[in-house]
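Student: So that you have it, the file is final_18.txt, and it contains compact mmCIF, C-alpha atoms:
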# COMPACT_ATOMS: atom_id res chain seq x y z
CA MET J 1 -2.32 -21.55 -12.98
CA LYS J 2 -5.51 -19.59 -12.35
CA ARG J 3 -5.10 -16.29 -10.48
CA GLN J 4 -7.22 -15.53 -7.42
CA PHE J 5 -8.12 -12.06 -6.18
CA VAL J 6 -7.30 -11.24 -2.55
CA ASP J 7 -9.47 -8.62 -0.84
CA THR J 8 -8.48 -6.18 1.89
CA ASN J 9 -9.94 -8.12 4.81
CA VAL J 10 -7.81 -11.19 4.05
CA PHE J 11 -4.63 -9.14 4.27
CA LEU J 12 -5.85 -7.39 7.41
CA ARG J 13 -6.75 -10.66 9.11
CA PHE J 14 -3.25 -11.95 8.37
CA LEU J 15 -1.44 -8.76 9.39
CA THR J 16 -3.36 -8.16 12.61
CA ARG J 17 -4.06 -11.75 13.64
CA ASP J 18 -7.24 -10.50 15.29
CA GLU J 19 -9.07 -13.79 14.81
CA GLU J 20 -7.06 -17.01 14.99
CA ALA J 21 -9.02 -19.27 12.61
CA GLY J 22 -9.10 -16.55 9.97
CA TYR J 23 -5.41 -15.88 10.49
CA ARG J 24 -4.57 -19.57 9.91
CA TYR J 25 -6.61 -19.58 6.69
CA CYS J 26 -4.74 -16.50 5.43
CA GLU J 27 -1.37 -17.85 6.51
CA ASN J 28 -2.05 -21.05 4.57
CA LEU J 29 -3.09 -19.06 1.48
CA PHE J 30 0.07 -16.96 1.52
CA ARG J 31 2.27 -20.02 2.17
CA LYS J 32 0.75 -21.62 -0.94
CA ALA J 33 1.62 -18.52 -2.95
CA VAL J 34 5.20 -18.44 -1.70
CA ALA J 35 5.53 -22.15 -2.54
CA GLY J 36 4.21 -21.52 -6.05
CA LYS J 37 0.97 -23.42 -5.46
CA ALA J 38 -1.27 -20.34 -5.77
CA MET J 39 -1.18 -17.22 -7.92
CA LEU J 40 -2.69 -14.26 -6.12
CA PHE J 41 -3.73 -10.83 -7.38
CA THR J 42 -4.79 -7.54 -5.80
CA THR J 43 -4.95 -3.84 -6.62
CA GLU J 44 -3.48 -0.60 -5.41
CA LEU J 45 -6.90 0.33 -4.02
CA VAL J 46 -6.75 -2.69 -1.72
CA ILE J 47 -3.29 -1.58 -0.60
CA ALA J 48 -4.57 1.96 0.03
CA GLU J 49 -7.45 0.56 2.08
CA ILE J 50 -4.98 -1.53 4.10
CA VAL J 51 -2.86 1.55 4.85
CA TRP J 52 -5.93 3.55 5.89
CA THR J 53 -7.37 0.77 8.08
CA LEU J 54 -4.07 0.00 9.82
CA SER J 55 -3.50 3.71 10.47
CA SER J 56 -6.98 4.70 11.57
CA TYR J 57 -8.83 1.69 12.94
CA TYR J 58 -5.81 -0.20 14.35
CA GLU J 59 -3.96 3.06 15.16
CA LEU J 60 -0.59 1.77 13.97
CA GLY J 61 2.25 4.21 13.42
CA LYS J 62 3.59 5.03 9.99
CA ARG J 63 6.70 2.85 10.42
CA GLU J 64 4.70 -0.25 11.34
CA VAL J 65 2.21 0.34 8.52
CA ILE J 66 5.06 0.62 6.02
CA GLU J 67 6.63 -2.61 7.31
CA LYS J 68 3.35 -4.50 6.97
CA VAL J 69 2.53 -3.15 3.52
CA SER J 70 6.08 -3.86 2.34
CA LEU J 71 5.62 -7.45 3.48
CA ILE J 72 2.55 -7.71 1.24
CA LEU J 73 4.19 -6.06 -1.75
CA ASN J 74 7.16 -8.43 -1.54
CA THR J 75 5.10 -11.63 -1.31
CA GLN J 76 6.08 -14.10 -4.01
CA ASN J 77 3.36 -14.95 -6.54
CA LEU J 78 1.22 -12.01 -5.47
CA GLU J 79 0.67 -9.62 -8.36
CA VAL J 80 -0.25 -6.08 -7.35
CA THR J 81 -1.36 -3.52 -9.92
CA ASN J 82 1.02 -0.55 -10.15
CA LYS J 83 3.42 -2.14 -7.68
CA GLY J 84 6.28 0.17 -8.66
CA VAL J 85 4.14 3.24 -8.00
CA LEU J 86 3.13 1.79 -4.63
CA LEU J 87 6.75 1.14 -3.63
CA ASP J 88 7.73 4.70 -4.57
CA ALA J 89 4.67 6.05 -2.74
CA LEU J 90 5.65 4.11 0.39
CA ALA J 91 9.13 5.65 0.24
CA LEU J 92 7.67 9.16 -0.09
CA TYR J 93 5.11 8.44 2.64
CA GLN J 94 7.96 7.38 4.92
CA SER J 95 10.20 10.36 4.23
CA GLU J 96 7.70 13.23 4.16
CA LYS J 97 4.84 14.55 6.27
CA ILE J 98 2.25 13.34 3.80
CA ASP J 99 -0.51 10.76 3.89
CA PHE J 100 -0.29 7.66 1.73
CA ILE J 101 -2.94 8.62 -0.84
CA ASP J 102 -1.32 12.00 -1.43
CA ALA J 103 2.09 10.31 -1.70
CA TYR J 104 0.62 7.91 -4.27
CA ASN J 105 -0.87 10.79 -6.27
CA ALA J 106 2.42 12.71 -6.13
CA ILE J 107 4.28 9.71 -7.53
CA VAL J 108 1.70 9.23 -10.29
CA ALA J 109 2.02 12.91 -11.20
CA ARG J 110 5.82 12.62 -11.36
CA ARG J 111 5.64 9.50 -13.52
CA HIS J 112 3.45 11.43 -15.96
CA GLY J 113 5.89 14.34 -16.13
CA ILE J 114 3.73 16.62 -13.99
CA ASP J 115 5.55 18.94 -11.59
CA GLU J 116 2.68 21.18 -10.42
CA ILE J 117 -0.37 20.28 -8.36
CA HIS J 118 -3.52 22.25 -7.62
CA SER J 119 -4.21 21.60 -3.95
CA PHE J 120 -4.91 23.36 -0.68
CA ASP J 121 -3.04 20.59 1.21
CA ARG J 122 0.12 22.27 2.50
CA HIS J 123 1.95 18.98 2.99
CA PHE J 124 2.54 18.96 -0.78
CA ASP J 125 4.94 21.86 -0.10
CA ASP J 126 7.32 19.27 1.38
CA VAL J 127 7.35 17.13 -1.79
CA PRO J 128 10.56 18.20 -3.53
CA PHE J 129 9.45 17.41 -7.08
CA LEU J 130 6.04 19.16 -6.93
CA LYS J 131 5.07 22.81 -6.81
CA ARG J 132 1.73 23.38 -5.08
CA ILE J 133 -0.69 25.85 -6.64
CA PRO J 134 -1.91 28.01 -4.99
CA GLY J 135 1.37 28.20 -3.13
Rewrite the coordinates I just gave you, this time as structure tokens.
Tutor:
Amino acid sequence: MKRQFVDTNVFLRFLTRDEEAGYRYCENLFRKAVAGKAMLFTTELVIAEIVWTLSSYYELGKREVIEKVSLILNTQNLEVTNKGVLLDALALYQSEKIDFIDAYNAIVARRHGIDEIHSFDRHFDDVPFLKRIPG
């Protein structure tokens, strides 16, 4: 079955239901995927854009953003690049005072055996497996 790329705005339309006709289109697309009638694909950059848009434009809290993004990541027949990194980043994002992109970068660093980070962002001080330089 041919894979189809899903862009940020399709996920956002589904998650926010801000326009009914668009929402129904998206709902149908995701139902097809769950039923095995469509193979969907997206990237971690799309997921990062979803997190940013839900947090900033829609002003959703961290908990609600995590719930919505988890729903996407657990959709059957939706392949997401670096899904394992994203799931770990969501867990770090939830547990620490850190934004999602920095959580993602912290997880990538850890997976590459890196335990020091050059940054002026003090929230990295709360990441237990990273030492911030300058500290």
Student: Ranking J:Ala48, J:Val127, J:Leu54, J:Leu12 by minimum distance to Ser95 (chain J) and counting all atoms listed in the file, which one comes first?
Tutor: J:Val127
Student: Need the shell around region 55-70 of chain J: protein/DNA/RNA residues with any atom at most 9 Å away, counting only C-alpha atoms. Skip same-chain ones fewer than 6 positions apart. Format as a list of chain:residue names?
Tutor: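 Residues meeting the cut-off are J:Leu15, J:Thr16, J:Ile47, J:Leu87, J:Leu90, J:Ala91, J:Tyr93, J:Gln94.
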Student: Rounded to one decimal place, report the CA of Ala89 (chain J)-CA of Arg13 (chain J) distance in Å.
Tutor: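 Spanning CA of Ala89 (chain J) to CA of Arg13 (chain J) is a straight-line distance of 23.5 Å.
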Student: Pick the closest to Ala106 (chain J) from J:Lys37, J:Lys83, J:Arg132, J:Arg24: which is it, counting only C-alpha atoms?
Tutor: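 That would be J:Arg132, the residue with the smallest distance to Ala106 (chain J).
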Student: Would you compute the distance between CA of Met39 (chain J) and CA of Ile72 (chain J)? Give it in Å to one decimal.
Tutor: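 A separation of 13.7 Å between them.
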Student: Using only C-alpha atoms, which of the listed residues (J:Val6, J:Ile50, J:Cys26, J:Leu40) sits closest to Asn77 (chain J)?
Tutor: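 For Asn77 (chain J), the nearest of the given residues is J:Leu40.
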Student: What gap, in Å, lies between CA of Phe11 (chain J) and CA of Asp88 (chain J)?
Tutor: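 Computing it gives 20.6 Å between the two atoms.
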Student: Write out as a count of residues only each polymer residue whose atoms come within 10 Å of Ser119 (chain J), counting only C-alpha atoms; drop sequence neighbours fewer than 6 positions from it.
Tutor: 6
